[in-house]
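A.B. asks: One file: data-v3.csv (CSV, C-alpha atoms).
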```
chain,number,residue,atom,x,y,z
A,1,MET,CA,13.6,-25.2,-15.0
A,2,ASP,CA,11.8,-26.3,-11.8
A,3,GLN,CA,9.2,-23.5,-11.9
A,4,PRO,CA,6.9,-24.8,-14.7
A,5,ARG,CA,7.1,-28.2,-13.2
A,6,ILE,CA,6.0,-27.0,-9.7
A,7,ASP,CA,3.2,-24.9,-11.3
A,8,GLU,CA,2.0,-27.8,-13.2
A,9,ASP,CA,2.0,-29.9,-10.1
A,10,GLN,CA,0.1,-27.2,-8.1
A,11,GLN,CA,-2.6,-27.2,-10.8
A,12,LEU,CA,-2.8,-31.0,-10.7
A,13,VAL,CA,-3.0,-31.0,-6.9
A,14,ALA,CA,-5.7,-28.3,-7.0
A,15,ARG,CA,-7.7,-30.3,-9.5
A,16,THR,CA,-7.3,-33.4,-7.4
A,17,GLN,CA,-8.5,-31.5,-4.3
A,18,ASP,CA,-11.6,-30.5,-6.3
A,19,GLY,CA,-12.4,-34.1,-7.0
A,20,ASP,CA,-10.7,-34.7,-10.3
A,21,ALA,CA,-9.2,-38.2,-9.9
A,22,GLY,CA,-7.7,-38.0,-13.4
A,23,ALA,CA,-5.4,-35.2,-12.3
A,24,PHE,CA,-4.0,-37.4,-9.5
A,25,ASP,CA,-3.4,-40.2,-12.1
A,26,GLN,CA,-1.2,-37.7,-14.0
A,27,LEU,CA,0.8,-37.1,-10.8
A,28,VAL,CA,1.1,-40.9,-10.3
A,29,VAL,CA,2.4,-41.4,-13.8
A,30,LYS,CA,4.8,-38.6,-13.4
A,31,TYR,CA,6.3,-39.6,-10.1
A,32,THR,CA,6.2,-43.4,-10.2
A,33,PRO,CA,9.6,-43.9,-11.8
A,34,ARG,CA,11.3,-41.5,-9.5
A,35,LEU,CA,9.7,-42.9,-6.4
A,36,TYR,CA,10.4,-46.4,-7.6
A,37,GLY,CA,14.1,-45.6,-7.6
A,38,LEU,CA,13.9,-44.1,-4.1
A,39,VAL,CA,12.0,-47.0,-2.6
A,40,TYR,CA,13.8,-49.8,-4.5
A,41,ASN,CA,17.3,-48.5,-3.5
A,42,MET,CA,16.1,-48.4,0.1
A,43,THR,CA,14.6,-51.9,0.1
A,44,SER,CA,16.6,-53.7,-2.6
A,45,ASN,CA,13.5,-55.8,-3.4
A,46,HIS,CA,11.2,-55.4,-6.3
A,47,GLU,CA,8.1,-56.9,-4.7
A,48,ASP,CA,8.4,-54.9,-1.5
A,49,THR,CA,9.0,-51.8,-3.7
A,50,ASN,CA,5.8,-52.4,-5.7
A,51,ASP,CA,3.6,-52.9,-2.6
A,52,LEU,CA,5.1,-49.9,-0.9
A,53,LEU,CA,4.6,-47.7,-3.9
A,54,GLN,CA,1.0,-48.6,-4.1
A,55,ASP,CA,0.5,-47.8,-0.5
A,56,ILE,CA,2.4,-44.5,-0.8
A,57,PHE,CA,0.2,-43.3,-3.6
A,58,SER,CA,-2.9,-44.5,-1.8
A,59,LYS,CA,-1.9,-42.6,1.3
A,60,ALA,CA,-1.0,-39.5,-0.8
A,61,TYR,CA,-4.4,-39.6,-2.4
A,62,LYS,CA,-6.3,-40.0,0.9
A,63,SER,CA,-4.4,-37.1,2.5
A,64,ILE,CA,-4.1,-34.7,-0.5
A,65,ARG,CA,-7.0,-32.6,0.8
A,66,GLY,CA,-4.9,-31.8,3.8
A,67,PHE,CA,-1.9,-30.7,1.5
A,68,ARG,CA,-1.8,-26.9,1.8
A,69,GLY,CA,1.1,-26.4,-0.6
A,70,LYS,CA,3.7,-25.2,2.1
A,71,SER,CA,6.2,-27.4,0.2
A,72,SER,CA,6.1,-28.6,-3.3
A,73,PHE,CA,4.1,-31.8,-4.1
A,74,TYR,CA,7.5,-33.4,-5.0
A,75,THR,CA,8.9,-32.8,-1.5
A,76,TRP,CA,5.6,-33.8,0.1
A,77,VAL,CA,5.2,-37.1,-1.7
A,78,HIS,CA,8.9,-37.9,-1.2
A,79,SER,CA,8.4,-37.4,2.6
A,80,ILE,CA,5.5,-39.8,2.6
A,81,ALA,CA,7.6,-42.3,0.6
A,82,VAL,CA,10.7,-42.1,2.8
A,83,ASN,CA,8.7,-42.3,6.1
A,84,MET,CA,6.6,-45.2,4.9
A,85,THR,CA,9.7,-47.0,3.6
A,86,LEU,CA,11.6,-46.4,6.9
A,87,ASN,CA,8.6,-47.7,8.9
A,88,PHE,CA,8.4,-50.7,6.6
A,89,LEU,CA,12.1,-51.5,7.0
A,90,LYS,CA,11.8,-51.3,10.8
A,91,LYS,CA,9.0,-53.9,10.7
A,92,ARG,CA,10.8,-56.1,8.2
A,93,GLY,CA,14.0,-56.0,10.2
A,94,ARG,CA,16.8,-58.1,8.8
A,95,ARG,CA,14.6,-60.5,7.0
A,96,PHE,CA,15.0,-59.7,3.4
A,97,HIS,CA,16.4,-61.1,0.2
A,98,LEU,CA,17.9,-59.1,-2.6
A,99,SER,CA,16.0,-59.1,-5.8
A,100,LEU,CA,17.9,-57.2,-8.3
A,101,ASP,CA,16.3,-55.3,-11.1
A,102,ASP,CA,17.8,-55.6,-14.6
A,103,VAL,CA,20.3,-53.0,-15.6
A,104,ASP,CA,18.9,-50.9,-18.4
A,105,ALA,CA,20.8,-51.2,-21.6
A,106,SER,CA,21.2,-47.5,-22.0
A,107,ILE,CA,23.8,-47.6,-19.2
A,108,GLN,CA,26.4,-48.5,-22.0
A,109,ASN,CA,26.0,-44.9,-23.3
A,110,ASP,CA,26.3,-43.3,-19.9
A,111,LYS,CA,29.2,-40.9,-19.5
A,112,GLU,CA,29.8,-42.0,-15.9
A,113,PHE,CA,29.7,-45.6,-16.8
A,114,LEU,CA,32.3,-45.2,-19.4
A,115,GLU,CA,34.5,-43.2,-17.0
A,116,VAL,CA,34.1,-45.8,-14.3
A,117,THR,CA,34.9,-48.8,-16.6
A,118,GLN,CA,37.5,-47.3,-18.8
A,119,THR,CA,39.8,-45.7,-16.2
A,120,SER,CA,42.2,-47.8,-14.2
A,121,SER,CA,39.8,-48.5,-11.4
A,122,PRO,CA,38.8,-51.6,-9.4
A,123,VAL,CA,35.5,-51.5,-11.3
A,124,ARG,CA,37.2,-52.9,-14.4
A,125,GLU,CA,38.2,-56.0,-12.5
A,126,ALA,CA,34.8,-56.9,-11.6
A,127,ASP,CA,31.8,-57.9,-13.6
A,128,LEU,CA,29.2,-55.2,-13.6
A,129,SER,CA,26.4,-57.5,-12.3
A,130,GLU,CA,28.7,-58.8,-9.6
A,131,LEU,CA,29.5,-55.2,-8.6
A,132,GLN,CA,25.8,-54.3,-8.6
A,133,LEU,CA,25.2,-57.2,-6.2
A,134,ARG,CA,28.0,-56.1,-4.0
A,135,LEU,CA,26.9,-52.5,-4.0
A,136,ASN,CA,23.4,-53.5,-3.0
A,137,GLU,CA,24.8,-55.7,-0.3
A,138,ALA,CA,26.9,-52.8,0.9
A,139,MET,CA,23.9,-50.5,0.8
A,140,MET,CA,21.9,-53.0,2.9
A,141,LYS,CA,24.6,-53.0,5.5
A,142,LEU,CA,24.0,-49.3,6.1
A,143,SER,CA,21.4,-48.2,8.6
A,144,ASP,CA,18.0,-47.4,7.1
A,145,GLU,CA,18.5,-43.6,7.7
A,146,HIS,CA,22.0,-43.6,6.2
A,147,ARG,CA,20.7,-45.6,3.2
A,148,ALA,CA,17.9,-43.1,2.7
A,149,VAL,CA,20.4,-40.2,2.6
A,150,VAL,CA,22.7,-42.1,0.2
A,151,THR,CA,19.8,-42.9,-2.1
A,152,MET,CA,18.5,-39.4,-2.2
A,153,PHE,CA,21.9,-37.7,-2.7
A,154,HIS,CA,23.9,-40.1,-4.9
A,155,ILE,CA,21.2,-41.9,-6.8
A,156,GLN,CA,18.4,-39.4,-7.0
A,157,GLY,CA,20.7,-36.4,-7.2
A,158,MET,CA,18.8,-34.3,-4.6
A,159,PRO,CA,20.6,-31.4,-2.9
A,160,HIS,CA,21.3,-31.5,0.8
A,161,ALA,CA,18.6,-28.8,1.5
A,162,GLU,CA,15.9,-30.9,-0.2
A,163,ILE,CA,16.9,-34.0,1.7
A,164,SER,CA,16.9,-32.2,5.0
A,165,LYS,CA,13.3,-31.0,4.3
A,166,ILE,CA,12.2,-34.5,3.4
A,167,LEU,CA,13.8,-36.1,6.4
A,168,LYS,CA,13.0,-33.1,8.7
A,169,VAL,CA,16.6,-33.0,10.0
A,170,SER,CA,19.3,-30.3,9.7
A,171,GLU,CA,21.5,-30.0,6.6
A,172,GLY,CA,24.5,-30.7,9.0
A,173,THR,CA,22.9,-34.0,9.9
A,174,VAL,CA,22.4,-34.9,6.2
A,175,ARG,CA,26.1,-34.1,5.5
A,176,SER,CA,27.4,-36.1,8.5
A,177,ARG,CA,25.2,-39.1,7.6
A,178,LEU,CA,26.4,-39.0,4.0
A,179,PHE,CA,30.1,-38.8,5.1
A,180,TYR,CA,29.7,-41.8,7.5
A,181,ALA,CA,27.8,-43.8,4.9
A,182,ASN,CA,30.4,-43.1,2.2
A,183,ARG,CA,33.1,-44.3,4.5
A,184,GLN,CA,31.2,-47.5,5.2
A,185,LEU,CA,30.6,-48.2,1.6
A,186,GLN,CA,34.2,-47.6,0.8
A,187,ASN,CA,35.4,-50.0,3.4
A,188,TYR,CA,33.0,-52.7,2.3
A,189,LEU,CA,33.9,-52.4,-1.4
A,190,ASP,CA,37.6,-52.3,-0.7
A,191,GLU,CA,37.2,-55.5,1.2
A,192,PHE,CA,35.4,-57.0,-1.8
A,193,ARG,CA,38.2,-55.9,-4.0
A,194,LYS,CA,40.8,-57.5,-1.8
A,195,ASN,CA,38.9,-60.7,-1.3
A,196,PRO,CA,36.6,-61.1,-4.4
A,197,VAL,CA,34.2,-64.1,-4.1
A,198,THR,CA,34.3,-66.1,-7.3
B,1,MET,CA,44.7,-46.0,-7.8
B,2,ASP,CA,43.4,-49.3,-6.5
B,3,GLU,CA,41.0,-48.1,-3.8
B,4,PHE,CA,37.5,-46.8,-4.1
B,5,ASP,CA,37.4,-43.2,-3.2
B,6,ASN,CA,34.4,-41.0,-2.5
B,7,ASN,CA,34.0,-39.9,-6.1
B,8,GLU,CA,34.1,-43.4,-7.4
B,9,ILE,CA,31.5,-44.6,-5.0
B,10,GLY,CA,29.4,-41.6,-6.0
B,11,ARG,CA,29.7,-42.6,-9.6
B,12,LEU,CA,29.0,-46.2,-8.9
B,13,LEU,CA,25.9,-45.3,-6.9
B,14,ARG,CA,24.7,-43.0,-9.7
B,15,LEU,CA,24.8,-46.0,-12.0
B,16,LYS,CA,22.2,-47.6,-9.9
B,17,LYS,CA,19.5,-45.5,-11.5
B,18,TYR,CA,19.8,-47.8,-14.5
B,19,GLU,CA,18.4,-50.7,-12.4
B,20,GLN,CA,14.9,-50.9,-13.8
B,21,PRO,CA,11.9,-53.0,-13.0
B,22,PRO,CA,10.6,-55.6,-15.5
B,23,PRO,CA,9.5,-54.1,-18.8
B,24,GLY,CA,5.9,-52.8,-18.8
B,25,TYR,CA,5.9,-52.3,-15.1
B,26,PHE,CA,5.4,-48.5,-15.2
B,27,GLU,CA,2.7,-48.8,-17.9
B,28,ASN,CA,0.7,-51.3,-15.7
B,29,PHE,CA,1.3,-49.4,-12.4
B,30,LEU,CA,-1.6,-47.1,-12.8
B,31,HIS,CA,-4.0,-49.9,-13.7
B,32,GLU,CA,-2.8,-51.8,-10.7
B,33,PHE,CA,-3.3,-48.7,-8.5
B,34,HIS,CA,-6.9,-48.3,-9.6
B,35,ARG,CA,-7.6,-52.0,-9.1
B,36,ARG,CA,-6.2,-51.8,-5.5
B,37,GLN,CA,-8.2,-48.7,-4.8
B,38,ARG,CA,-11.4,-50.5,-5.8
B,39,ASP,CA,-10.6,-53.5,-3.8
B,40,GLU,CA,-9.9,-51.4,-0.8
B,41,LEU,CA,-13.2,-49.6,-1.2
B,42,LEU,CA,-15.1,-52.9,-1.3
B,43,ARG,CA,-13.3,-54.1,1.9
B,44,GLN,CA,-14.3,-51.0,3.8
B,45,PRO,CA,-17.3,-51.2,6.2
B,46,LEU,CA,-20.3,-49.2,5.2
B,47,TRP,CA,-20.0,-46.7,8.1
B,48,ARG,CA,-16.5,-45.8,7.0
B,49,ILE,CA,-17.7,-45.2,3.5
B,50,ALA,CA,-20.5,-43.0,4.8
B,51,LEU,CA,-18.0,-41.1,7.1
B,52,GLY,CA,-15.7,-40.5,4.1
B,53,ARG,CA,-18.5,-39.2,2.0
B,54,ALA,CA,-19.6,-36.9,4.9
B,55,GLN,CA,-16.1,-35.7,5.2
B,56,ASP,CA,-15.9,-35.0,1.5
B,57,PHE,CA,-19.2,-33.1,1.7
B,58,MET,CA,-18.0,-31.0,4.6
B,59,MET,CA,-14.7,-30.3,2.8
B,60,SER,CA,-16.6,-29.2,-0.3
B,61,LEU,CA,-18.5,-26.7,1.9
B,62,ASN,CA,-15.2,-25.4,3.1
B,63,VAL,CA,-16.1,-25.5,6.7
B,64,ALA,CA,-12.8,-23.9,7.8
B,65,ARG,CA,-13.7,-20.7,6.0
B,66,MET,CA,-17.2,-20.7,7.4
B,67,ALA,CA,-16.0,-21.2,11.0
B,68,SER,CA,-15.9,-17.5,12.0
B,69,TYR,CA,-16.9,-15.9,15.3
B,70,PRO,CA,-20.4,-14.9,14.2
B,71,VAL,CA,-21.1,-18.4,12.9
B,72,ALA,CA,-19.8,-19.9,16.2
B,73,ALA,CA,-21.9,-17.5,18.3
B,74,THR,CA,-25.0,-18.3,16.2
B,75,ALA,CA,-24.4,-22.0,16.7
B,76,VAL,CA,-24.0,-21.5,20.5
B,77,LEU,CA,-27.2,-19.4,20.6
B,78,LEU,CA,-29.1,-22.0,18.6
B,79,CYS,CA,-28.0,-24.8,20.9
B,80,ALA,CA,-28.9,-22.8,24.0
B,81,ALA,CA,-32.4,-22.1,22.5
B,82,VAL,CA,-33.0,-25.7,21.8
B,83,ILE,CA,-31.9,-26.9,25.2
B,84,SER,CA,-34.0,-24.3,27.0
B,85,LEU,CA,-37.1,-25.2,25.0
B,86,LYS,CA,-36.5,-28.8,26.0
B,87,ILE,CA,-36.3,-27.9,29.7
B,88,TYR,CA,-39.4,-25.7,29.8
B,89,GLN,CA,-41.5,-28.1,27.8
B,90,THR,CA,-41.1,-31.0,30.2
B,91,THR,CA,-44.4,-31.4,32.2
B,92,PRO,CA,-44.2,-32.5,35.8
B,93,ALA,CA,-45.1,-36.1,36.4
B,94,PRO,CA,-48.7,-36.5,37.6
B,95,ASN,CA,-48.8,-37.0,41.3
B,96,VAL,CA,-51.4,-39.8,41.4
B,97,ALA,CA,-51.3,-42.5,44.0
B,98,ARG,CA,-50.9,-45.9,42.7
B,99,LEU,CA,-53.6,-48.3,43.5
B,100,SER,CA,-52.3,-51.4,45.1
B,101,PRO,CA,-54.3,-54.5,45.4
B,102,ALA,CA,-55.7,-55.2,48.9
B,103,VAL,CA,-54.5,-58.7,48.6
B,104,PRO,CA,-50.9,-59.3,47.6
B,105,ALA,CA,-50.7,-60.9,44.2
B,106,GLN,CA,-48.5,-63.7,45.4
B,107,GLN,CA,-51.0,-64.8,48.1
B,108,ALA,CA,-53.9,-64.5,45.8
B,109,ALA,CA,-52.1,-66.8,43.4
B,110,GLU,CA,-51.5,-69.2,46.2
B,111,GLY,CA,-55.1,-69.1,47.0
B,112,GLY,CA,-54.3,-68.6,50.6
B,113,TRP,CA,-56.8,-65.9,51.5
B,114,SER,CA,-59.9,-67.3,50.0
B,115,LEU,CA,-62.8,-67.9,52.4
B,116,ALA,CA,-62.9,-71.6,51.5
B,117,ALA,CA,-59.4,-72.4,52.4
B,118,PRO,CA,-58.4,-72.8,56.1
B,119,VAL,CA,-56.4,-69.9,57.3
B,120,SER,CA,-54.8,-71.4,60.3
B,121,THR,CA,-52.3,-73.5,58.4
B,122,ARG,CA,-51.0,-70.6,56.5
B,123,PHE,CA,-49.8,-68.4,59.3
B,124,THR,CA,-48.5,-70.9,61.9
B,125,VAL,CA,-45.0,-70.7,60.5
B,126,SER,CA,-43.0,-68.2,62.4
B,127,GLN,CA,-41.0,-66.7,59.6
B,128,PRO,CA,-40.7,-63.0,59.0
B,129,ARG,CA,-42.9,-62.2,56.1
B,130,THR,CA,-41.2,-59.1,55.0
B,131,HIS,CA,-42.5,-59.4,51.5
B,132,LEU,CA,-46.1,-58.9,52.7
B,133,SER,CA,-45.9,-55.2,52.4
B,134,THR,CA,-49.3,-53.6,51.8
B,135,HIS,CA,-50.3,-50.0,51.7
B,136,ARG,CA,-50.8,-50.2,55.5
B,137,ALA,CA,-47.1,-50.8,56.1
B,138,ALA,CA,-46.4,-47.1,55.5
B,139,THR,CA,-49.0,-45.8,57.9
B,140,PRO,CA,-48.3,-45.5,61.6
B,141,PRO,CA,-49.6,-48.4,63.7
B,142,ARG,CA,-53.1,-48.3,65.2
B,143,TYR,CA,-53.9,-50.0,68.4
B,144,VAL,CA,-57.3,-51.6,68.9
B,145,LEU,CA,-57.9,-53.5,72.1
B,146,ASP,CA,-60.2,-56.5,71.5
B,147,SER,CA,-62.1,-54.6,68.9
B,148,MET,CA,-63.6,-52.5,71.7
B,149,PRO,CA,-63.5,-48.7,71.6
B,150,VAL,CA,-61.6,-47.2,74.5
B,151,SER,CA,-63.5,-44.7,76.6
B,152,TYR,CA,-63.2,-43.1,80.0
B,153,GLU,CA,-66.9,-42.3,80.3
B,154,SER,CA,-69.1,-44.6,82.3
B,155,SER,CA,-71.3,-46.7,80.3
B,156,LEU,CA,-74.9,-45.6,80.4
B,157,ARG,CA,-76.9,-48.4,81.8
B,158,PHE,CA,-80.5,-47.9,82.7
```
Just dump the structure as structure tokens.

C.D. replies:
Amino acid sequence: MDQPRIDEDQQLVARTQDGDAGAFDQLVVKYTPRLYGLVYNMTSNHEDTNDLLQDIFSKAYKSIRGFRGKSSFYTWVHSIAVNMTLNFLKKRGRRFHLSLDDVDASIQNDKEFLEVTQTSSPVREADLSELQLRLNEAMMKLSDEHRAVVTMFHIQGMPHAEISKILKVSEGTVRSRLFYANRQLQNYLDEFRKNPVT
Amino acid sequence: MDEFDNNEIGRLLRLKKYEQPPPGYFENFLHEFHRRQRDELLRQPLWRIALGRAQDFMMSLNVARMASYPVAATAVLLCAAVISLKIYQTTPAPNVARLSPAVPAQQAAEGGWSLAAPVSTRFTVSQPRTHLSTHRAATPPRYVLDSMPVSYESSLRF
């Protein structure tokens, strides 16, 4: 499944390197939603995400001539996005406010959503938007590096190997960060369940 | 089961993919990207634009592929030839003595050495006049006794 996509990306990259700006536009259109999810879940702020995405694609465009295709364009552009977002978060520090995006209506048809809400779980007790807020808060309590791993693994569905390539760390490091982050999120959400804020 | 376990947290996190930006955001993103690129281009100084174009030009020539040993050797030989030509073409500076005015310009301007002006008032001040360096300063001193030529021969008187 991935092969045609990679080939198509390679062609678009080659055309961009030959000066065809339209080919890069196609890459932008293709990867914007995915990179939006990555950056948004690391910053929890729509305006910051928008500015960062613009900068990420701008940087990718400027340095695409240096891209030699050792990795896929997908991995390469994700590396740029993660590094730029981590740098941004370091500069921003703890000064941030959550700006939640709306939950898409198609969530109602999602198999996972139905499972989560219909089984006897603490999720049922909480309003979804409240839970969304708590989850974002819990995510923001993680360190930037842990949040990056959680976002890529749980939300973006990337395999450990891909994450380790993007972050340039070993797969073991990815797994241990994920384990630690899951424990932290679990503790935070349990606390919320025991002491819900009305 | 009343506690969140790993699977449940995973499921909850996966639902976050449904958090979406305002409607129309993705449609306008490319337009906004182009607008920012143009703005950025306008804000750049001219030299940077020129540098960027030069870089593009060099990249289009594929300099990396051209940079082989024969090309490098040719470039070195060319540079050496140009430098040696420059060295051998330089003519030696003409060794012509500079004419210096007999009277220092400053004194002439002051009008101190004109025949009409009294000379005595000028040189009574006993200050070192180091700036009065004429072409004679470099020559060894000559000694003239009362403007009379020195001679050991007896004067011929008849």

A.B. asks: Check every residue of chain B for an atom within 9 Å of chain A, counting all atoms listed in the file, and provide those that qualify as a PyMOL selection string.

C.D. replies: chain B and resi 1-6+8-22+26-27+29-30+32-33+36-37+59-60

A.B. asks: Go ahead and save the picked residues with C-alpha atoms, as a PDB file, keeping the file's coordinate frame.

C.D. replies:
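Printed below is result_16.pdb as written:
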```pdb
ATOM      1  CA  MET B   1      44.700 -46.000  -7.800  1.00  0.00           C
ATOM      2  CA  ASP B   2      43.400 -49.300  -6.500  1.00  0.00           C
ATOM      3  CA  GLU B   3      41.000 -48.100  -3.800  1.00  0.00           C
ATOM      4  CA  PHE B   4      37.500 -46.800  -4.100  1.00  0.00           C
ATOM      5  CA  ASP B   5      37.400 -43.200  -3.200  1.00  0.00           C
ATOM      6  CA  ASN B   6      34.400 -41.000  -2.500  1.00  0.00           C
ATOM      7  CA  GLU B   8      34.100 -43.400  -7.400  1.00  0.00           C
ATOM      8  CA  ILE B   9      31.500 -44.600  -5.000  1.00  0.00           C
ATOM      9  CA  GLY B  10      29.400 -41.600  -6.000  1.00  0.00           C
ATOM     10  CA  ARG B  11      29.700 -42.600  -9.600  1.00  0.00           C
ATOM     11  CA  LEU B  12      29.000 -46.200  -8.900  1.00  0.00           C
ATOM     12  CA  LEU B  13      25.900 -45.300  -6.900  1.00  0.00           C
ATOM     13  CA  ARG B  14      24.700 -43.000  -9.700  1.00  0.00           C
ATOM     14  CA  LEU B  15      24.800 -46.000 -12.000  1.00  0.00           C
ATOM     15  CA  LYS B  16      22.200 -47.600  -9.900  1.00  0.00           C
ATOM     16  CA  LYS B  17      19.500 -45.500 -11.500  1.00  0.00           C
ATOM     17  CA  TYR B  18      19.800 -47.800 -14.500  1.00  0.00           C
ATOM     18  CA  GLU B  19      18.400 -50.700 -12.400  1.00  0.00           C
ATOM     19  CA  GLN B  20      14.900 -50.900 -13.800  1.00  0.00           C
ATOM     20  CA  PRO B  21      11.900 -53.000 -13.000  1.00  0.00           C
ATOM     21  CA  PRO B  22      10.600 -55.600 -15.500  1.00  0.00           C
ATOM     22  CA  PHE B  26       5.400 -48.500 -15.200  1.00  0.00           C
ATOM     23  CA  GLU B  27       2.700 -48.800 -17.900  1.00  0.00           C
ATOM     24  CA  PHE B  29       1.300 -49.400 -12.400  1.00  0.00           C
ATOM     25  CA  LEU B  30      -1.600 -47.100 -12.800  1.00  0.00           C
ATOM     26  CA  GLU B  32      -2.800 -51.800 -10.700  1.00  0.00           C
ATOM     27  CA  PHE B  33      -3.300 -48.700  -8.500  1.00  0.00           C
ATOM     28  CA  ARG B  36      -6.200 -51.800  -5.500  1.00  0.00           C
ATOM     29  CA  GLN B  37      -8.200 -48.700  -4.800  1.00  0.00           C
ATOM     30  CA  MET B  59     -14.700 -30.300   2.800  1.00  0.00           C
ATOM     31  CA  SER B  60     -16.600 -29.200  -0.300  1.00  0.00           C
TER      32      SER B  60
END
```

A.B. asks: Grab the CA of Ile56 (chain A) to CA of Val39 (chain A) distance for me, in Å with one decimal place.

C.D. replies: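 Between these atoms lies a distance of 10.1 Å.
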
A.B. asks: By how many Å are CA of Phe192 (chain A) and CA of Leu142 (chain A) apart?

C.D. replies: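 Going from CA of Phe192 (chain A) over to CA of Leu142 (chain A), I get 15.9 Å.
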
A.B. asks: Could you check how far CA of Ala161 (chain A) sits from CA of Leu178 (chain A), in Å to one decimal?

C.D. replies: 13.1 Å

A.B. asks: Looking at only C-alpha atoms, which of A:Ile166, A:Thr85, A:Arg92, A:Tyr180 is the one that sits closest to Ser71 (chain A)?

C.D. replies: A:Ile166
